[in-house]
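S.K.: Dropping in input13.txt, with compact mmCIF, C-alpha atoms.
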# COMPACT_ATOMS: atom_id res chain seq x y z
CA MET A 134 99.52 103.68 83.40
CA LEU A 135 101.27 106.70 84.89
CA LYS A 136 104.67 106.30 86.55
CA ILE A 137 104.78 108.41 89.71
CA GLY A 138 108.20 109.21 91.14
CA ALA A 139 107.99 110.59 94.69
CA LEU A 140 111.21 112.19 95.88
CA ILE A 141 111.99 111.71 99.56
CA TYR A 142 114.80 113.08 101.72
CA PRO A 143 115.74 113.04 105.41
CA GLY A 144 113.03 114.91 107.35
CA PHE A 145 110.20 114.50 104.83
CA GLU A 146 106.70 114.61 106.38
CA LEU A 147 105.04 111.18 106.62
CA LEU A 148 101.46 112.10 105.77
CA ASP A 149 102.45 114.51 102.98
CA LEU A 150 103.78 111.46 101.20
CA PHE A 151 101.66 108.53 102.31
CA GLY A 152 98.25 110.26 102.28
CA PRO A 153 98.27 110.85 98.52
CA MET A 154 100.13 107.56 97.89
CA GLU A 155 97.31 105.72 99.69
CA MET A 156 94.83 107.15 97.18
CA PHE A 157 96.99 106.36 94.13
CA GLY A 158 97.87 102.95 95.56
CA THR A 159 94.25 101.79 95.37
CA MET A 160 94.53 102.01 91.55
CA PRO A 161 97.54 99.81 90.73
CA GLU A 162 96.48 99.45 87.10
CA GLU A 163 96.57 103.22 86.64
CA PHE A 164 99.49 104.30 88.82
CA GLN A 165 102.93 102.81 89.35
CA LEU A 166 104.45 104.27 92.53
CA GLN A 167 108.13 104.56 93.31
CA LEU A 168 110.09 106.39 95.98
CA VAL A 169 113.30 108.09 94.86
CA ALA A 170 116.05 109.37 97.17
CA ALA A 171 119.71 110.39 97.05
CA GLU A 172 120.42 106.68 97.43
CA ALA A 173 118.03 103.71 97.38
CA GLY A 174 117.26 102.29 100.83
CA PRO A 175 116.08 103.69 104.17
CA VAL A 176 115.24 107.41 104.49
CA LYS A 177 114.14 108.78 107.85
CA SER A 178 111.10 111.07 108.02
CA SER A 179 110.63 113.98 110.39
CA GLY A 180 108.22 111.75 112.33
CA GLN A 181 110.82 109.23 113.55
CA LEU A 182 109.75 106.47 111.14
CA THR A 183 111.60 105.39 108.03
CA ALA A 184 110.53 104.76 104.46
CA HIS A 185 112.46 102.73 101.94
CA ALA A 186 113.45 104.38 98.63
CA ASP A 187 113.12 102.13 95.58
CA LEU A 188 115.41 104.20 93.38
CA ALA A 189 118.44 106.51 93.60
CA LEU A 190 118.78 109.84 91.82
CA LYS A 191 121.24 108.22 89.42
CA ASP A 192 118.58 105.71 88.30
CA GLY A 193 116.97 108.45 86.22
CA HIS A 194 114.62 111.38 86.39
CA GLU A 195 111.91 110.46 83.89
CA PHE A 196 108.49 109.99 85.41
CA ASP A 197 105.03 110.90 84.17
CA VAL A 198 104.34 112.45 87.55
CA LEU A 199 106.89 114.05 89.87
CA PHE A 200 105.65 114.16 93.46
CA LEU A 201 107.30 116.13 96.24
CA PRO A 202 106.26 115.99 99.90
CA GLY A 203 107.15 118.76 102.33
CA GLY A 204 108.66 118.48 105.78
CA ILE A 205 111.22 120.13 108.01
CA GLY A 206 113.95 118.50 105.87
CA THR A 207 113.17 121.01 103.11
CA ARG A 208 115.30 123.52 105.04
CA GLU A 209 118.36 121.36 104.24
CA LEU A 210 117.15 120.28 100.82
CA ILE A 211 117.36 123.83 99.44
CA ARG A 212 121.13 123.69 100.01
CA ASP A 213 121.57 120.43 98.10
CA GLN A 214 122.36 121.46 94.53
CA GLU A 215 122.45 117.88 93.23
CA MET A 216 118.89 117.32 94.47
CA LEU A 217 117.71 120.67 93.08
CA ASP A 218 119.22 119.91 89.67
CA TRP A 219 117.49 116.52 89.64
CA ILE A 220 114.18 118.16 90.58
CA THR A 221 114.52 120.71 87.76
CA LYS A 222 115.18 117.94 85.24
CA ALA A 223 112.47 115.64 86.61
CA GLY A 224 109.98 118.52 86.70
CA ASP A 225 110.73 119.48 83.10
CA ALA A 226 110.36 115.86 81.98
CA ALA A 227 107.10 115.16 83.84
CA ASP A 228 103.58 115.74 82.51
CA HIS A 229 102.36 116.51 86.02
CA VAL A 230 104.14 117.90 89.07
CA LEU A 231 102.42 117.50 92.44
CA THR A 232 103.61 118.93 95.74
CA VAL A 233 102.27 118.92 99.30
CA CYS A 234 103.00 121.48 101.99
CA THR A 235 106.49 123.01 101.74
CA GLY A 236 107.22 120.79 98.74
CA SER A 237 106.10 123.73 96.59
CA GLY A 238 108.95 125.79 98.09
CA ILE A 239 111.39 123.21 96.78
CA ILE A 240 110.10 123.16 93.21
CA ALA A 241 110.03 126.98 93.35
CA LYS A 242 113.68 126.99 94.44
CA ALA A 243 114.40 124.60 91.56
CA GLY A 244 112.97 127.24 89.19
CA LEU A 245 109.94 125.25 88.07
CA LEU A 246 107.17 127.53 89.36
CA ASP A 247 108.21 130.98 88.07
CA GLY A 248 105.15 132.82 86.78
CA HIS A 249 102.78 130.16 88.04
CA ARG A 250 100.09 130.22 90.73
CA ALA A 251 100.79 127.94 93.68
CA THR A 252 100.05 127.41 97.35
CA THR A 253 101.67 125.77 100.37
CA ASN A 254 101.38 125.09 104.08
CA LYS A 255 99.81 128.01 105.94
CA MET A 256 102.29 127.98 108.83
CA ALA A 257 105.45 128.11 106.72
CA PHE A 258 104.04 130.53 104.15
CA GLY A 259 106.67 133.22 104.68
CA TRP A 260 109.56 130.82 104.22
CA VAL A 261 108.06 129.29 101.09
CA GLU A 262 107.38 132.70 99.52
CA LYS A 263 111.09 133.48 99.75
CA MET A 264 111.91 130.31 97.78
CA GLY A 265 110.09 131.70 94.74
CA PRO A 266 109.83 135.50 94.47
CA GLU A 267 108.50 135.11 90.90
CA VAL A 268 105.70 132.73 91.91
CA GLN A 269 102.12 133.95 92.42
CA TRP A 270 101.59 132.49 95.90
CA VAL A 271 97.93 131.95 96.85
CA LYS A 272 97.26 132.51 100.56
CA GLN A 273 93.90 130.82 100.80
CA ALA A 274 93.46 127.56 98.91
CA ARG A 275 93.28 123.89 99.82
CA TRP A 276 95.19 123.31 96.58
CA VAL A 277 95.96 125.15 93.34
CA VAL A 278 96.10 123.76 89.80
CA ASP A 279 98.05 125.78 87.25
CA GLY A 280 98.98 124.00 84.04
CA LYS A 281 100.87 120.87 84.95
CA PHE A 282 101.50 122.04 88.51
CA ARG A 283 99.29 120.97 91.39
CA THR A 284 100.40 122.37 94.74
CA SER A 285 98.57 121.71 97.99
CA SER A 286 98.35 123.31 101.37
CA GLY A 287 99.71 121.57 104.51
CA VAL A 288 99.96 117.83 105.17
CA SER A 289 96.35 116.55 104.99
CA ALA A 290 95.53 118.77 102.00
CA GLY A 291 97.61 116.44 99.84
CA MET A 292 94.89 113.79 100.04
CA ASP A 293 92.22 116.19 98.75
CA MET A 294 94.51 117.28 95.92
CA ALA A 295 95.35 113.66 95.03
CA LEU A 296 91.66 112.78 94.76
CA ASP A 297 91.09 115.84 92.57
CA PHE A 298 93.94 114.67 90.31
CA ILE A 299 92.29 111.24 90.08
CA ALA A 300 88.98 112.96 89.26
CA ASP A 301 90.60 114.95 86.44
CA LEU A 302 92.18 111.83 84.99
CA HIS A 303 89.47 109.23 85.58
CA GLY A 304 86.28 111.08 86.48
CA ARG A 305 84.76 112.32 89.72
CA GLU A 306 82.89 109.08 90.30
CA LYS A 307 86.13 107.09 90.36
CA ALA A 308 87.70 109.55 92.82
CA GLU A 309 84.65 109.30 95.06
CA GLU A 310 84.95 105.53 94.95
CA VAL A 311 88.59 105.74 96.08
CA ALA A 312 87.67 108.14 98.90
CA MET A 313 84.86 105.83 100.00
CA TRP A 314 87.21 102.86 99.93
CA ALA A 315 89.55 104.75 102.26
CA GLU A 316 86.56 105.92 104.36
CA TYR A 317 87.84 109.43 103.69
CA GLU A 318 85.53 112.45 103.60
CA TRP A 319 87.02 114.19 100.61
CA HIS A 320 86.97 118.00 100.61
CA GLN A 321 86.30 118.62 96.92
CA ASP A 322 86.43 122.43 96.89
CA ALA A 323 89.98 123.62 96.18
CA ALA A 324 89.12 127.13 97.40
CA ARG A 325 87.84 126.02 100.80
CA ASP A 326 90.70 126.57 103.27
CA PRO A 327 89.78 127.28 106.89
CA PHE A 328 93.44 127.03 107.91
CA ALA A 329 94.51 130.22 106.11
CA LYS A 330 92.37 132.12 108.60
CA LEU A 331 93.35 130.01 111.61
CA HIS A 332 97.01 130.72 110.82
CA GLY A 333 96.33 134.43 110.34
CA LEU A 334 97.11 134.67 106.61
CA VAL A 335 93.69 136.12 105.78
CA GLU A 336 91.11 137.94 107.90
CA MET B 69 106.88 109.34 127.16
CA LEU B 70 104.94 106.42 125.68
CA LYS B 71 106.69 103.83 123.54
CA ILE B 72 104.50 102.93 120.58
CA GLY B 73 105.27 99.68 118.76
CA ALA B 74 103.49 99.47 115.41
CA LEU B 75 103.50 96.00 113.90
CA ILE B 76 103.79 95.85 110.13
CA TYR B 77 103.68 92.92 107.72
CA PRO B 78 103.66 92.43 103.93
CA GLY B 79 100.47 93.99 102.56
CA PHE B 80 99.78 96.44 105.39
CA GLU B 81 97.77 99.51 104.37
CA LEU B 82 99.88 102.68 104.08
CA LEU B 83 97.46 105.25 105.50
CA ASP B 84 96.25 102.93 108.31
CA LEU B 85 99.78 103.20 109.64
CA PHE B 86 101.12 106.58 108.59
CA GLY B 87 97.97 108.65 109.24
CA PRO B 88 97.99 108.02 113.00
CA MET B 89 101.81 108.03 113.10
CA GLU B 90 101.78 111.52 111.56
CA MET B 91 99.69 112.73 114.50
CA PHE B 92 101.85 111.02 117.15
CA GLY B 93 105.02 112.08 115.34
CA THR B 94 104.27 115.76 115.93
CA MET B 95 104.76 115.10 119.68
CA PRO B 96 108.24 113.55 119.90
CA GLU B 97 108.53 114.35 123.59
CA GLU B 98 105.39 112.35 124.33
CA PHE B 99 105.59 109.47 121.87
CA GLN B 100 108.47 107.30 120.74
CA LEU B 101 107.51 105.51 117.51
CA GLN B 102 108.94 102.25 116.26
CA LEU B 103 107.95 99.86 113.50
CA VAL B 104 108.21 96.17 114.30
CA ALA B 105 108.11 93.35 111.74
CA ALA B 106 109.04 89.66 111.43
CA GLU B 107 112.52 90.95 110.65
CA ALA B 108 113.94 94.49 110.79
CA GLY B 109 114.30 96.14 107.38
CA PRO B 110 112.06 96.72 104.36
CA VAL B 111 108.41 95.61 104.46
CA LYS B 112 106.21 96.14 101.41
CA SER B 113 102.74 97.63 101.86
CA SER B 114 99.65 96.77 99.81
CA GLY B 115 100.15 100.11 98.05
CA GLN B 116 103.43 99.23 96.28
CA LEU B 117 105.60 101.33 98.59
CA THR B 118 107.87 100.03 101.31
CA ALA B 119 108.39 101.00 104.94
CA HIS B 120 111.44 100.14 107.00
CA ALA B 121 110.96 98.20 110.25
CA ASP B 122 113.16 99.36 113.14
CA LEU B 123 112.80 96.16 115.15
CA ALA B 124 112.25 92.42 114.70
CA LEU B 125 109.78 90.31 116.68
CA LYS B 126 112.71 88.82 118.57
CA ASP B 127 113.73 92.27 119.83
CA GLY B 128 110.89 92.13 122.35
CA HIS B 129 107.18 92.71 122.74
CA GLU B 130 107.02 95.28 125.51
CA PHE B 131 105.54 98.60 124.44
CA ASP B 132 103.25 101.02 126.23
CA VAL B 133 101.10 101.12 123.11
CA LEU B 134 100.63 98.30 120.60
CA PHE B 135 99.43 99.61 117.23
CA LEU B 136 98.16 97.42 114.41
CA PRO B 137 97.25 98.69 110.94
CA GLY B 138 94.97 96.72 108.63
CA GLY B 139 95.47 95.84 104.99
CA ILE B 140 94.99 92.97 102.57
CA GLY B 141 98.01 91.27 104.18
CA THR B 142 95.85 90.47 107.21
CA ARG B 143 94.46 87.53 105.22
CA GLU B 144 97.92 85.90 105.41
CA LEU B 145 98.74 87.21 108.87
CA ILE B 146 95.97 85.13 110.48
CA ARG B 147 97.85 82.00 109.38
CA ASP B 148 101.15 83.11 110.95
CA GLN B 149 101.14 81.63 114.44
CA GLU B 150 104.45 83.24 115.44
CA MET B 151 103.03 86.68 114.65
CA LEU B 152 99.76 85.92 116.44
CA ASP B 153 101.62 84.72 119.54
CA TRP B 154 103.71 87.90 119.56
CA ILE B 155 100.54 90.01 119.21
CA THR B 156 98.90 88.21 122.14
CA LYS B 157 101.97 88.84 124.33
CA ALA B 158 102.43 92.43 123.18
CA GLY B 159 98.72 93.15 123.66
CA ASP B 160 98.77 91.72 127.18
CA ALA B 161 101.86 93.77 128.05
CA ALA B 162 100.60 97.08 126.61
CA ASP B 163 98.59 99.71 128.46
CA HIS B 164 96.85 100.67 125.22
CA VAL B 165 96.09 98.68 122.07
CA LEU B 166 95.11 100.62 118.96
CA THR B 167 94.01 99.16 115.65
CA VAL B 168 92.89 100.61 112.32
CA CYS B 169 90.65 98.92 109.77
CA THR B 170 91.06 95.12 109.66
CA GLY B 171 93.75 95.35 112.35
CA SER B 172 90.98 94.67 114.85
CA GLY B 173 90.36 91.32 113.14
CA ILE B 174 93.97 90.39 113.88
CA ILE B 175 93.88 91.23 117.58
CA ALA B 176 90.53 89.40 117.75
CA LYS B 177 92.15 86.34 116.18
CA ALA B 178 94.96 86.69 118.74
CA GLY B 179 92.32 86.40 121.47
CA LEU B 180 92.71 89.92 122.86
CA LEU B 181 89.22 91.26 122.15
CA ASP B 182 86.94 88.56 123.56
CA GLY B 183 84.02 90.15 125.41
CA HIS B 184 85.00 93.65 124.26
CA ARG B 185 83.26 96.13 122.00
CA ALA B 186 85.15 96.91 118.80
CA THR B 187 84.73 98.10 115.22
CA THR B 188 86.53 97.78 111.90
CA ASN B 189 86.46 98.65 108.22
CA LYS B 190 82.92 98.70 106.83
CA MET B 191 83.76 96.82 103.62
CA ALA B 192 85.47 93.85 105.30
CA PHE B 193 83.06 93.67 108.22
CA GLY B 194 81.93 90.09 107.54
CA TRP B 195 85.49 88.75 107.41
CA VAL B 196 86.51 90.56 110.59
CA GLU B 197 83.45 89.31 112.50
CA LYS B 198 84.56 85.75 111.81
CA MET B 199 87.95 86.48 113.39
CA GLY B 200 86.30 87.10 116.76
CA PRO B 201 82.93 85.41 117.38
CA GLU B 202 83.12 86.47 121.05
CA VAL B 203 83.67 90.15 120.24
CA GLN B 204 80.81 92.66 120.34
CA TRP B 205 81.30 94.12 116.86
CA VAL B 206 79.86 97.62 116.39
CA LYS B 207 78.54 98.21 112.86
CA GLN B 208 78.32 101.98 112.95
CA ALA B 209 81.20 103.84 114.63
CA ARG B 210 84.14 105.92 113.45
CA TRP B 211 86.03 104.29 116.34
CA VAL B 212 85.25 102.44 119.58
CA VAL B 213 87.02 102.75 122.94
CA ASP B 214 86.57 99.84 125.36
CA GLY B 215 89.01 99.66 128.24
CA LYS B 216 92.52 99.67 126.84
CA PHE B 217 91.31 98.84 123.33
CA ARG B 218 90.75 101.51 120.70
CA THR B 219 89.61 100.13 117.34
CA SER B 220 88.85 102.29 114.35
CA SER B 221 86.89 101.96 111.17
CA GLY B 222 88.62 101.90 107.74
CA VAL B 223 91.86 103.60 106.76
CA SER B 224 91.25 107.36 107.34
CA ALA B 225 89.35 106.70 110.57
CA GLY B 226 92.66 105.91 112.24
CA MET B 227 93.60 109.60 112.20
CA ASP B 228 90.41 110.59 114.03
CA MET B 229 90.99 107.85 116.59
CA ALA B 230 94.63 108.87 117.07
CA LEU B 231 93.63 112.46 117.78
CA ASP B 232 91.02 111.24 120.27
CA PHE B 233 93.72 109.19 122.01
CA ILE B 234 95.92 112.31 122.18
CA ALA B 235 92.94 114.23 123.59
CA ASP B 236 92.39 111.61 126.30
CA LEU B 237 96.06 111.70 127.28
CA HIS B 238 96.91 115.38 126.84
CA GLY B 239 93.63 117.28 126.56
CA ARG B 240 91.37 118.22 123.68
CA GLU B 241 93.17 121.51 123.10
CA LYS B 242 96.46 119.72 122.43
CA ALA B 243 94.76 117.32 119.99
CA GLU B 244 93.16 120.26 118.18
CA GLU B 245 96.59 121.88 117.94
CA VAL B 246 98.02 118.73 116.34
CA ALA B 247 95.11 118.56 113.87
CA MET B 248 95.58 122.21 112.99
CA TRP B 249 99.31 121.67 112.51
CA ALA B 250 98.50 118.90 110.02
CA GLU B 251 95.73 121.06 108.46
CA TYR B 252 93.41 118.15 109.23
CA GLU B 253 89.69 118.62 109.88
CA TRP B 254 89.34 116.21 112.76
CA HIS B 255 86.03 114.36 113.09
CA GLN B 256 85.68 114.32 116.86
CA ASP B 257 82.47 112.31 117.18
CA ALA B 258 83.26 108.59 117.50
CA ALA B 259 79.65 107.67 116.68
CA ARG B 260 79.52 109.59 113.40
CA ASP B 261 80.09 107.07 110.62
CA PRO B 262 78.53 107.79 107.23
CA PHE B 263 80.39 104.85 105.70
CA ALA B 264 78.40 102.19 107.58
CA LYS B 265 75.36 103.26 105.58
CA LEU B 266 77.27 103.74 102.31
CA HIS B 267 78.54 100.17 102.61
CA GLY B 268 75.06 98.86 103.48
CA LEU B 269 75.78 97.76 107.07
CA VAL B 270 72.97 99.91 108.50
CA GLU B 271 69.86 101.39 106.91
Kindly return the structure encoded in the file as structure tokens.

M.R.:
Amino acid sequence: MLKIGALIYPGFELLDLFGPMEMFGTMPEEFQLQLVAAEAGPVKSSGQLTAHADLALKDGHEFDVLFLPGGIGTRELIRDQEMLDWITKAGDAADHVLTVCTGSGIIAKAGLLDGHRATTNKMAFGWVEKMGPEVQWVKQARWVVDGKFRTSSGVSAGMDMALDFIADLHGREKAEEVAMWAEYEWHQDAARDPFAKLHGLVE
Amino acid sequence: MLKIGALIYPGFELLDLFGPMEMFGTMPEEFQLQLVAAEAGPVKSSGQLTAHADLALKDGHEFDVLFLPGGIGTRELIRDQEMLDWITKAGDAADHVLTVCTGSGIIAKAGLLDGHRATTNKMAFGWVEKMGPEVQWVKQARWVVDGKFRTSSGVSAGMDMALDFIADLHGREKAEEVAMWAEYEWHQDAARDPFAKLHGLVE
């Protein structure tokens, strides 16, 4: 059983969070999911709707998996030193760190990604690069795995990365079963990223 | 501006709800999103995590769009007459009724779908059929549009249906823009449903 702590904050992106959580949530005997925020209770997303955090920062930072969604709220999050300190500690403690979209910019800002390969959303690429000048940012990738870090491209890419994580832990057949359960056509090739071109990052 | 009221209940499926809401949420000038539940406040999904309802049933039933996610909690929901009555009223009042997965079984049980074509999740097809003996259930479809009713297949299919709804309201180009924003490879063909075969509903 892996304890996943997903950090949320005002202006997080709904699908960045709930797409991967849907996949993990189908395996309750393997994954325990919890949302963490500055305080426990309601946290408003960028998409008008509100999630409910189970835990506050002060409840601890020790999870097997640290998960960080992106969203427009990341622009404020990088100015919140208490959050960044928690992320650094939680990232150091975790065996796996997963981010979606601009979430990789946040863990870069928290110093976790220096020297590592990582990717992010293809529309906010320039902003994210600035968060981690020592990171080897990959322009074209659906997701990137480097050591304990798994960073995905924008929004929907988080689901493909989550299924790949399940495949690494429990076998490809299990991940395919989860995808089929969710009637999701899983894109299994981490290098396949049509959006890098659509957003003009590569020719 | 369309007001979307999404009804949630204990055991709703995370991605059924938040996949489509992600798509609508990128257009805040066109869609106002609200979660409705028996009571306002936290409502636990089937996937461990909790959403926060903005409104209670008693706050009214008049929305331009009624949205109903599926989930294992539907098995209890069909025994909740207060909820079913609210769904019947809200469905009658709405210009559009959208469901994902077993959500179509609920609006069938509430009497809204009689005589209409509709689809649902391919794994729970038998259960959903029983909820609406007078409904023309379609075994192979990513989603079905019949009059004001738009019913989708399981979980992920809701995103494809949501983008099709956006296309019908605001043009295909706008829907493609939303999909690209979310780095989502939209499946635009409502009839394309590989899961009907995978789950043995068709040969």

S.K.: What residues in chain B have any atom no more than 10 Å from chain A when counting all atoms listed in the file, and can you write them as a ChimeraX atom specification?

M.R.: /B:81-96,99-103,109-122,169,189-191,210,221-226,247-253,255,261-264,266-267

S.K.: Distance cut-off 12 Å, centre (111.8, 111.9, 87.1) in file coordinates, counting all atoms listed in the file: which residues qualify? Return them as a VMD selection string.

M.R.: chain A and resid 135 to 140 166 to 170 188 to 201 216 218 to 230

S.K.: Could you give me, as a VMD selection string, the residues that sit within 12 Å of (115.8, 123.4, 99.7) in the file's coordinates, counting only C-alpha atoms?

M.R.: chain A and resid 142 to 145 201 203 to 218 220 235 to 244 260 to 261 263 to 265

S.K.: I need the chosen residues saved as a compact mmCIF listing (two decimals), in the coordinates of the input, with C-alpha atoms.

M.R.:
# COMPACT_ATOMS: atom_id res chain seq x y z
CA TYR A 142 114.80 113.08 101.72
CA PRO A 143 115.74 113.04 105.41
CA GLY A 144 113.03 114.91 107.35
CA PHE A 145 110.20 114.50 104.83
CA LEU A 201 107.30 116.13 96.24
CA GLY A 203 107.15 118.76 102.33
CA GLY A 204 108.66 118.48 105.78
CA ILE A 205 111.22 120.13 108.01
CA GLY A 206 113.95 118.50 105.87
CA THR A 207 113.17 121.01 103.11
CA ARG A 208 115.30 123.52 105.04
CA GLU A 209 118.36 121.36 104.24
CA LEU A 210 117.15 120.28 100.82
CA ILE A 211 117.36 123.83 99.44
CA ARG A 212 121.13 123.69 100.01
CA ASP A 213 121.57 120.43 98.10
CA GLN A 214 122.36 121.46 94.53
CA GLU A 215 122.45 117.88 93.23
CA MET A 216 118.89 117.32 94.47
CA LEU A 217 117.71 120.67 93.08
CA ASP A 218 119.22 119.91 89.67
CA ILE A 220 114.18 118.16 90.58
CA THR A 235 106.49 123.01 101.74
CA GLY A 236 107.22 120.79 98.74
CA SER A 237 106.10 123.73 96.59
CA GLY A 238 108.95 125.79 98.09
CA ILE A 239 111.39 123.21 96.78
CA ILE A 240 110.10 123.16 93.21
CA ALA A 241 110.03 126.98 93.35
CA LYS A 242 113.68 126.99 94.44
CA ALA A 243 114.40 124.60 91.56
CA GLY A 244 112.97 127.24 89.19
CA TRP A 260 109.56 130.82 104.22
CA VAL A 261 108.06 129.29 101.09
CA LYS A 263 111.09 133.48 99.75
CA MET A 264 111.91 130.31 97.78
CA GLY A 265 110.09 131.70 94.74

S.K.: Please indicate the distance in Å from CA of Arg250 in chain A to CA of Glu267 in chain A, rounded to one decimal place.

M.R.: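 These atoms are spaced 9.7 Å apart.
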
S.K.: Draw an axis-aligned box over all listed atoms of range 259-271 of chain A, pad each side with 4 Å, and write its centre and edge lengths in Å, one decimal, as JSON.

M.R.:
{"center_x": 104.9, "center_y": 132.4, "center_z": 97.8, "size_x": 22.0, "size_y": 14.2, "size_z": 21.8}

S.K.: Please indicate the distance in Å from CA of Phe298 in chain A to CA of Thr188 in chain B, rounded to one decimal place.

M.R.: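 Distance reported for this atom pair: 28.4 Å.
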